[in-house]
Amino acid sequence: MPRASSSLPLVRVSLKGAKSLRRGHPWVYRTELLELPDTQERGAVVSVVDPQGNPVGQAFYAQHSPLALRLLTRKGPAEEKVDEAFLRQRLEASLARRSFLRQRDGLRLVHGEADLLPGLFVDRYGAGLSVQTLSEGMDARKEWVARTLASLTGATHVVCRDDASGRDFEGLPREVRLLHGEGDARFGYHEGENLFEVNLLGDMKTGAFLDQVDNHLRAGELARGAALDLFSYHGGFALALSRSCDSVVAVEQDATAAARARENAARNGRSNVTVENANAFDVLRRYSESSQRFDTVVVDPPGLAKRREGLATALRAYHELNLRAIKCLRPEGLLVTCSCSGKLGREEFEEMVLSAAADAKRPVQILERRGAGLDHPVLGGLPETEYLKAFFVRVL
């Protein structure tokens, strides 16, 4: 792990950059740097000052990323030392914030900037931890992070899931490997009473989509009748719906994920769940053009807008999905529609849903506007941490 120094490299930021940091936004892009730090150390901790030399705080510095600085503390090196003890204390605080969720064996333990650990994301699945480092500062320290997390949590395995596209933006290589533990990395975890299995070395994201767990459970409370779950992955929504619905058709295009959804349904005795390995757009088009109708439809696609310039295309795709989903619903039916595209704002998403309803000539009631669960907090001043939208809509 890189060592903190009593005499840190200095980086001078523009007045705009300094104001942004002081107002709570923890990032500074390279275009706002007036003077580069004198260091070649990967993920170095640097002292940040404004154009006049007034201290702003300490940050991780990235050698290659367009996002050059990620703030760690507003205190200067003389007031607070950023070292292993500092980071361990931040990890302990992040775990403590989730103590009220101690009954869960599947949850996010560290949520990056929102937990004041920039670029570090940690998910727990039973005795296994899945770690993502999306900043150079955390990437340089992930071996130490893994050892520390294993010590703090008692986890038998810590898996590095640094294969996300965000690492390309940071100029970091992609990799998947064990950081702690040996052998297989398959673990079970629960969503409510349903038991799921994940392969932390092979499944998507960090293993599952823990940000949706509370929405899965809420959908299970409100759903009824015949249900259609699109983009089902391992069946999180489908199994939750199966408790209150007569039948559930779960659609998943990835063959491996579809097979795991079938296994999860069988493992939990959900004989009313049928998993179809197919393209959700094609299935939804088929149902919307037929006479078959549902009482509950879930639309939970992967992120369709990775960049702002692709937003118009993504909105058209979201519109088509929601238009056809609404057409598939019986009167008084429930639509659960989601977007994990951070570039798509909540207001834009709601406008799209209402436009789809208008085109379908169906009035709707918005029952709930939801986001990620309490283990995925939003950092005030950093809207990028509020990426997930989940709207529960009654179609009249």
# chains A, B, ... in the order shown; residues from 1 in each chain; ligands from 1
$ select_by_dssp --residues "stretch 12-197 of chain A" --states "helix (DSSP H, G or I)" --output "JSON, numbers by chain"
{"A": [15, 16, 17, 18, 19, 20, 21, 22, 30, 31, 32, 84, 85, 86, 87, 88, 89, 90, 91, 92, 93, 94, 95, 96, 97, 99, 100, 101, 112, 113, 114, 115, 136, 137, 138, 139, 142, 143, 144, 145, 146, 147, 148, 149, 150, 151, 152, 153, 166, 167, 168, 169, 170]}
$ residues_around --residues "stretch 25-37 of chain A" --least-positions-apart "2" --cutoff "7 Å" --atoms "only C-alpha atoms" --output "ChimeraX atom specification"
/A:9-14,17,20-21,23,39,66-71,381-382
$ closest_residue --among "A:Arg42, A:Arg362, A:Arg102, A:Lys81" --to "A:Met138" --atoms "only C-alpha atoms"
A:Arg42
$ closest_atom_pairs --of "stretch 123-143 of chain A" --to "stretch 107-115 of chain A" --cutoff "10 Å" --atoms "only C-alpha atoms" --output "CSV"
residue,atom,partner,partner_atom,distance
A:Asp123,CA,A:Arg108,CA,4.2
A:Arg124,CA,A:Leu107,CA,5.4
A:Tyr125,CA,A:Leu107,CA,7.1
A:Gly126,CA,A:Leu107,CA,9.2
A:Leu129,CA,A:Leu109,CA,9.1
A:Ser130,CA,A:Arg108,CA,9.3
A:Val131,CA,A:Val110,CA,9.1
A:Gln132,CA,A:Gly112,CA,9.4
A:Thr133,CA,A:Gly112,CA,8.8
A:Leu134,CA,A:Gly112,CA,8.7
A:Ser135,CA,A:Gly112,CA,9.6
A:Met138,CA,A:Gly112,CA,9.9
$ write_last_selection --atoms "N, CA and C atoms" --output "mmCIF file, in the first residue's frame"
data_model
loop_
_atom_site.group_PDB
_atom_site.id
_atom_site.type_symbol
_atom_site.label_atom_id
_atom_site.label_comp_id
_atom_site.auth_asym_id
_atom_site.auth_seq_id
_atom_site.Cartn_x
_atom_site.Cartn_y
_atom_site.Cartn_z
ATOM 1 N N ASP A 123 -19.463 -5.518 -1.799
ATOM 2 C CA ASP A 123 -20.727 -6.216 -1.585
ATOM 3 C C ASP A 123 -20.481 -7.511 -0.834
ATOM 4 N N ARG A 124 -21.391 -7.831 0.076
ATOM 5 C CA ARG A 124 -21.292 -9.076 0.845
ATOM 6 C C ARG A 124 -22.336 -10.073 0.369
ATOM 7 N N TYR A 125 -21.892 -11.297 0.136
ATOM 8 C CA TYR A 125 -22.763 -12.423 -0.185
ATOM 9 C C TYR A 125 -22.394 -13.556 0.764
ATOM 10 N N GLY A 126 -23.103 -13.674 1.862
ATOM 11 C CA GLY A 126 -22.757 -14.689 2.838
ATOM 12 C C GLY A 126 -21.347 -14.481 3.356
ATOM 13 N N LEU A 129 -16.949 -11.716 -0.059
ATOM 14 C CA LEU A 129 -17.003 -10.296 -0.377
ATOM 15 C C LEU A 129 -16.560 -10.085 -1.812
ATOM 16 N N SER A 130 -17.234 -9.182 -2.494
ATOM 17 C CA SER A 130 -16.887 -8.801 -3.854
ATOM 18 C C SER A 130 -16.487 -7.337 -3.849
ATOM 19 N N VAL A 131 -15.270 -7.044 -4.331
ATOM 20 C CA VAL A 131 -14.698 -5.701 -4.253
ATOM 21 C C VAL A 131 -14.492 -5.143 -5.654
ATOM 22 N N GLN A 132 -14.902 -3.891 -5.856
ATOM 23 C CA GLN A 132 -14.603 -3.153 -7.078
ATOM 24 C C GLN A 132 -13.836 -1.888 -6.696
ATOM 25 N N THR A 133 -12.755 -1.606 -7.436
ATOM 26 C CA THR A 133 -12.016 -0.359 -7.237
ATOM 27 C C THR A 133 -12.073 0.433 -8.537
ATOM 28 N N LEU A 134 -12.768 1.559 -8.500
ATOM 29 C CA LEU A 134 -12.963 2.378 -9.691
ATOM 30 C C LEU A 134 -12.212 3.697 -9.603
ATOM 31 N N SER A 135 -11.150 3.701 -8.812
ATOM 32 C CA SER A 135 -10.243 4.850 -8.776
ATOM 33 C C SER A 135 -8.830 4.311 -8.655
ATOM 34 N N MET A 138 -7.736 3.661 -4.928
ATOM 35 C CA MET A 138 -8.187 2.418 -4.309
ATOM 36 C C MET A 138 -7.600 1.193 -5.017
#
$ select_by_dssp --residues "stretch 256-384 of chain A" --states "strand (DSSP E or B)" --output "PDB file with N, CA and C atoms, in the first residue's frame"
ATOM      1  N   VAL A 273     -43.051 -20.277 -11.239  1.00  0.00           N
ATOM      2  CA  VAL A 273     -42.142 -19.438 -12.021  1.00  0.00           C
ATOM      3  C   VAL A 273     -41.655 -20.216 -13.237  1.00  0.00           C
ATOM      4  N   THR A 274     -41.849 -19.634 -14.418  1.00  0.00           N
ATOM      5  CA  THR A 274     -41.326 -20.190 -15.668  1.00  0.00           C
ATOM      6  C   THR A 274     -40.271 -19.236 -16.220  1.00  0.00           C
ATOM      7  N   VAL A 275     -39.090 -19.744 -16.509  1.00  0.00           N
ATOM      8  CA  VAL A 275     -37.998 -18.913 -17.021  1.00  0.00           C
ATOM      9  C   VAL A 275     -37.852 -19.144 -18.512  1.00  0.00           C
ATOM     10  N   GLU A 276     -37.898 -18.064 -19.276  1.00  0.00           N
ATOM     11  CA  GLU A 276     -37.744 -18.121 -20.727  1.00  0.00           C
ATOM     12  C   GLU A 276     -36.427 -17.459 -21.112  1.00  0.00           C
ATOM     13  N   PHE A 294     -51.335  -9.279 -18.630  1.00  0.00           N
ATOM     14  CA  PHE A 294     -50.798  -9.579 -17.306  1.00  0.00           C
ATOM     15  C   PHE A 294     -51.350  -8.584 -16.286  1.00  0.00           C
ATOM     16  N   ASP A 295     -51.266  -8.981 -15.018  1.00  0.00           N
ATOM     17  CA  ASP A 295     -51.666  -8.100 -13.923  1.00  0.00           C
ATOM     18  C   ASP A 295     -50.470  -7.332 -13.358  1.00  0.00           C
ATOM     19  N   THR A 296     -49.266  -7.856 -13.596  1.00  0.00           N
ATOM     20  CA  THR A 296     -48.032  -7.228 -13.118  1.00  0.00           C
ATOM     21  C   THR A 296     -46.966  -7.382 -14.188  1.00  0.00           C
ATOM     22  N   VAL A 297     -46.276  -6.295 -14.506  1.00  0.00           N
ATOM     23  CA  VAL A 297     -45.145  -6.357 -15.437  1.00  0.00           C
ATOM     24  C   VAL A 297     -43.980  -5.601 -14.821  1.00  0.00           C
ATOM     25  N   VAL A 298     -42.806  -6.234 -14.832  1.00  0.00           N
ATOM     26  CA  VAL A 298     -41.567  -5.607 -14.358  1.00  0.00           C
ATOM     27  C   VAL A 298     -40.646  -5.393 -15.547  1.00  0.00           C
ATOM     28  N   VAL A 299     -40.140  -4.165 -15.675  1.00  0.00           N
ATOM     29  CA  VAL A 299     -39.171  -3.822 -16.728  1.00  0.00           C
ATOM     30  C   VAL A 299     -37.913  -3.312 -16.034  1.00  0.00           C
ATOM     31  N   LEU A 329     -50.694  -4.778 -19.906  1.00  0.00           N
ATOM     32  CA  LEU A 329     -51.308  -4.819 -18.586  1.00  0.00           C
ATOM     33  C   LEU A 329     -52.829  -4.730 -18.648  1.00  0.00           C
ATOM     34  N   ARG A 330     -53.459  -5.517 -17.802  1.00  0.00           N
ATOM     35  CA  ARG A 330     -54.903  -5.400 -17.621  1.00  0.00           C
ATOM     36  C   ARG A 330     -55.210  -4.134 -16.834  1.00  0.00           C
ATOM     37  N   PRO A 331     -56.437  -3.645 -16.873  1.00  0.00           N
ATOM     38  CA  PRO A 331     -56.819  -2.495 -16.051  1.00  0.00           C
ATOM     39  C   PRO A 331     -56.523  -2.755 -14.573  1.00  0.00           C
ATOM     40  N   GLU A 332     -56.017  -1.764 -13.897  1.00  0.00           N
ATOM     41  CA  GLU A 332     -55.579  -1.823 -12.498  1.00  0.00           C
ATOM     42  C   GLU A 332     -54.287  -2.611 -12.325  1.00  0.00           C
ATOM     43  N   GLY A 333     -53.586  -2.876 -13.434  1.00  0.00           N
ATOM     44  CA  GLY A 333     -52.347  -3.628 -13.359  1.00  0.00           C
ATOM     45  C   GLY A 333     -51.189  -2.803 -12.817  1.00  0.00           C
ATOM     46  N   LEU A 334     -50.155  -3.500 -12.324  1.00  0.00           N
ATOM     47  CA  LEU A 334     -48.981  -2.861 -11.735  1.00  0.00           C
ATOM     48  C   LEU A 334     -47.812  -2.934 -12.699  1.00  0.00           C
ATOM     49  N   LEU A 335     -47.226  -1.766 -12.993  1.00  0.00           N
ATOM     50  CA  LEU A 335     -45.989  -1.684 -13.755  1.00  0.00           C
ATOM     51  C   LEU A 335     -44.872  -1.272 -12.804  1.00  0.00           C
ATOM     52  N   VAL A 336     -43.826  -2.086 -12.737  1.00  0.00           N
ATOM     53  CA  VAL A 336     -42.604  -1.724 -12.025  1.00  0.00           C
ATOM     54  C   VAL A 336     -41.552  -1.474 -13.093  1.00  0.00           C
ATOM     55  N   THR A 337     -41.158  -0.225 -13.263  1.00  0.00           N
ATOM     56  CA  THR A 337     -40.228   0.122 -14.333  1.00  0.00           C
ATOM     57  C   THR A 337     -38.989   0.789 -13.752  1.00  0.00           C
ATOM     58  N   CYS A 338     -37.826   0.357 -14.228  1.00  0.00           N
ATOM     59  CA  CYS A 338     -36.569   0.753 -13.605  1.00  0.00           C
ATOM     60  C   CYS A 338     -35.561   1.252 -14.642  1.00  0.00           C
ATOM     61  N   SER A 339     -34.630   2.054 -14.169  1.00  0.00           N
ATOM     62  CA  SER A 339     -33.474   2.460 -14.967  1.00  0.00           C
ATOM     63  C   SER A 339     -32.280   2.619 -14.042  1.00  0.00           C
ATOM     64  N   VAL A 364     -52.476   6.625 -15.761  1.00  0.00           N
ATOM     65  CA  VAL A 364     -51.671   5.901 -14.775  1.00  0.00           C
ATOM     66  C   VAL A 364     -51.635   6.658 -13.457  1.00  0.00           C
ATOM     67  N   GLN A 365     -51.434   5.914 -12.391  1.00  0.00           N
ATOM     68  CA  GLN A 365     -51.165   6.474 -11.071  1.00  0.00           C
ATOM     69  C   GLN A 365     -49.737   6.118 -10.692  1.00  0.00           C
ATOM     70  N   ILE A 366     -48.941   7.102 -10.285  1.00  0.00           N
ATOM     71  CA  ILE A 366     -47.602   6.810  -9.789  1.00  0.00           C
ATOM     72  C   ILE A 366     -47.703   6.532  -8.296  1.00  0.00           C
ATOM     73  N   LEU A 367     -47.508   5.289  -7.931  1.00  0.00           N
ATOM     74  CA  LEU A 367     -47.673   4.871  -6.542  1.00  0.00           C
ATOM     75  C   LEU A 367     -46.432   5.200  -5.706  1.00  0.00           C
ATOM     76  N   GLU A 368     -45.261   4.906  -6.241  1.00  0.00           N
ATOM     77  CA  GLU A 368     -44.018   5.154  -5.506  1.00  0.00           C
ATOM     78  C   GLU A 368     -42.895   5.477  -6.480  1.00  0.00           C
ATOM     79  N   ARG A 369     -42.071   6.417  -6.079  1.00  0.00           N
ATOM     80  CA  ARG A 369     -40.820   6.705  -6.780  1.00  0.00           C
ATOM     81  C   ARG A 369     -39.688   6.251  -5.870  1.00  0.00           C
ATOM     82  N   ARG A 370     -38.994   5.210  -6.274  1.00  0.00           N
ATOM     83  CA  ARG A 370     -38.002   4.604  -5.404  1.00  0.00           C
ATOM     84  C   ARG A 370     -36.613   4.637  -6.045  1.00  0.00           C
TER      85      ARG A 370
END
$ residues_around --residues "stretch 58-65 of chain A" --least-positions-apart "4" --cutoff "6 Å" --atoms "only C-alpha atoms" --output "JSON, numbers by chain"
{"A": [43, 44, 45, 46, 47, 48, 69, 70, 71, 72, 73, 136, 137, 170, 171]}
$ atom_distance --atom1 "atom CA of A:Ala258" --atom2 "atom CA of A:Ala240"
16.2 Å
$ atom_distance --atom1 "atom CA of A:Leu222" --atom2 "atom CA of A:Ser244"
8.0 Å
$ closest_residue --among "A:His234, A:Arg161, A:His319, A:Arg243" --to "A:Glu221" --atoms "only C-alpha atoms"
A:Arg243
$ atom_distance --atom1 "atom CA of A:Asn268" --atom2 "atom CA of A:Gln103"
19.3 Å
$ residues_around --residues "A:Gly192" --least-positions-apart "2" --cutoff "8 Å" --atoms "only C-alpha atoms" --output "compact mmCIF listing (two decimals) with N, CA and C atoms, in the first residue's frame"
# COMPACT_ATOMS: atom_id res chain seq x y z
N HIS A 190 -29.63 -14.34 0.94
CA HIS A 190 -31.10 -14.27 0.94
C HIS A 190 -31.59 -12.89 0.53
N ASN A 194 -36.20 -15.78 0.23
CA ASN A 194 -35.68 -16.49 -0.93
C ASN A 194 -34.16 -16.61 -0.88
N LEU A 217 -38.44 -6.84 -3.00
CA LEU A 217 -39.34 -7.20 -1.91
C LEU A 217 -40.62 -6.36 -1.94
$ decode --residues "stretch 232-309 of chain A" --atoms "C-alpha atoms" --output "compact mmCIF listing (two decimals), in the first residue's frame"
# COMPACT_ATOMS: atom_id res chain seq x y z
CA SER A 232 -34.84 -11.18 -14.92
CA TYR A 233 -31.14 -12.08 -14.45
CA HIS A 234 -31.14 -14.54 -11.50
CA GLY A 235 -34.84 -14.05 -10.78
CA GLY A 236 -34.75 -11.43 -8.02
CA PHE A 237 -38.03 -9.81 -9.03
CA ALA A 238 -39.53 -13.09 -10.28
CA LEU A 239 -39.09 -14.97 -7.01
CA ALA A 240 -40.39 -12.02 -4.98
CA LEU A 241 -43.44 -11.80 -7.27
CA SER A 242 -44.06 -15.53 -7.00
CA ARG A 243 -45.15 -15.17 -3.37
CA SER A 244 -48.26 -13.16 -4.28
CA CYS A 245 -48.80 -13.94 -7.97
CA ASP A 246 -50.48 -16.96 -9.49
CA SER A 247 -47.87 -17.30 -12.21
CA VAL A 248 -44.63 -15.55 -13.20
CA VAL A 249 -42.93 -15.60 -16.60
CA ALA A 250 -39.29 -14.55 -16.15
CA VAL A 251 -37.43 -13.52 -19.32
CA GLU A 252 -33.61 -13.46 -19.46
CA GLN A 253 -31.44 -13.35 -22.59
CA ASP A 254 -28.19 -14.59 -21.03
CA ALA A 255 -28.31 -18.38 -21.04
CA THR A 256 -26.16 -18.78 -17.92
CA ALA A 257 -28.23 -16.29 -15.94
CA ALA A 258 -31.47 -17.91 -17.14
CA ALA A 259 -30.22 -21.30 -15.96
CA ARG A 260 -29.34 -19.81 -12.56
CA ALA A 261 -32.83 -18.26 -12.34
CA ARG A 262 -34.35 -21.72 -12.92
CA GLU A 263 -32.09 -23.17 -10.23
CA ASN A 264 -33.08 -20.42 -7.80
CA ALA A 265 -36.78 -20.97 -8.49
CA ALA A 266 -36.40 -24.71 -7.93
CA ARG A 267 -34.26 -24.20 -4.82
CA ASN A 268 -37.03 -22.13 -3.25
CA GLY A 269 -39.88 -24.33 -4.42
CA ARG A 270 -41.35 -21.65 -6.69
CA SER A 271 -43.12 -23.96 -9.12
CA ASN A 272 -45.24 -21.07 -10.43
CA VAL A 273 -42.14 -19.44 -12.02
CA THR A 274 -41.33 -20.19 -15.67
CA VAL A 275 -38.00 -18.91 -17.02
CA GLU A 276 -37.74 -18.12 -20.73
CA ASN A 277 -34.27 -17.69 -22.26
CA ALA A 278 -35.10 -14.98 -24.82
CA ASN A 279 -34.69 -11.33 -25.80
CA ALA A 280 -36.97 -9.18 -23.65
CA PHE A 281 -37.72 -6.73 -26.49
CA ASP A 282 -38.90 -9.60 -28.71
CA VAL A 283 -40.98 -11.22 -25.97
CA LEU A 284 -42.62 -7.95 -25.01
CA ARG A 285 -43.43 -7.17 -28.63
CA ARG A 286 -45.01 -10.61 -29.02
CA TYR A 287 -47.17 -10.24 -25.92
CA SER A 288 -48.19 -6.64 -26.66
CA GLU A 289 -49.37 -7.66 -30.13
CA SER A 290 -51.27 -10.70 -28.85
CA SER A 291 -54.35 -10.96 -26.66
CA GLN A 292 -52.45 -12.21 -23.60
CA ARG A 293 -52.45 -9.75 -20.73
CA PHE A 294 -50.80 -9.58 -17.31
CA ASP A 295 -51.67 -8.10 -13.92
CA THR A 296 -48.03 -7.23 -13.12
CA VAL A 297 -45.15 -6.36 -15.44
CA VAL A 298 -41.57 -5.61 -14.36
CA VAL A 299 -39.17 -3.82 -16.73
CA ASP A 300 -35.63 -3.77 -15.32
CA PRO A 301 -33.15 -3.45 -18.21
CA PRO A 302 -29.39 -2.99 -17.90
CA GLY A 303 -28.06 0.55 -18.21
CA LEU A 304 -29.05 1.76 -21.67
CA ALA A 305 -27.30 5.15 -21.47
CA LYS A 306 -23.60 4.77 -20.61
CA ARG A 307 -22.76 8.26 -21.91
CA ARG A 308 -24.78 11.46 -22.13
CA GLU A 309 -24.42 11.51 -25.92
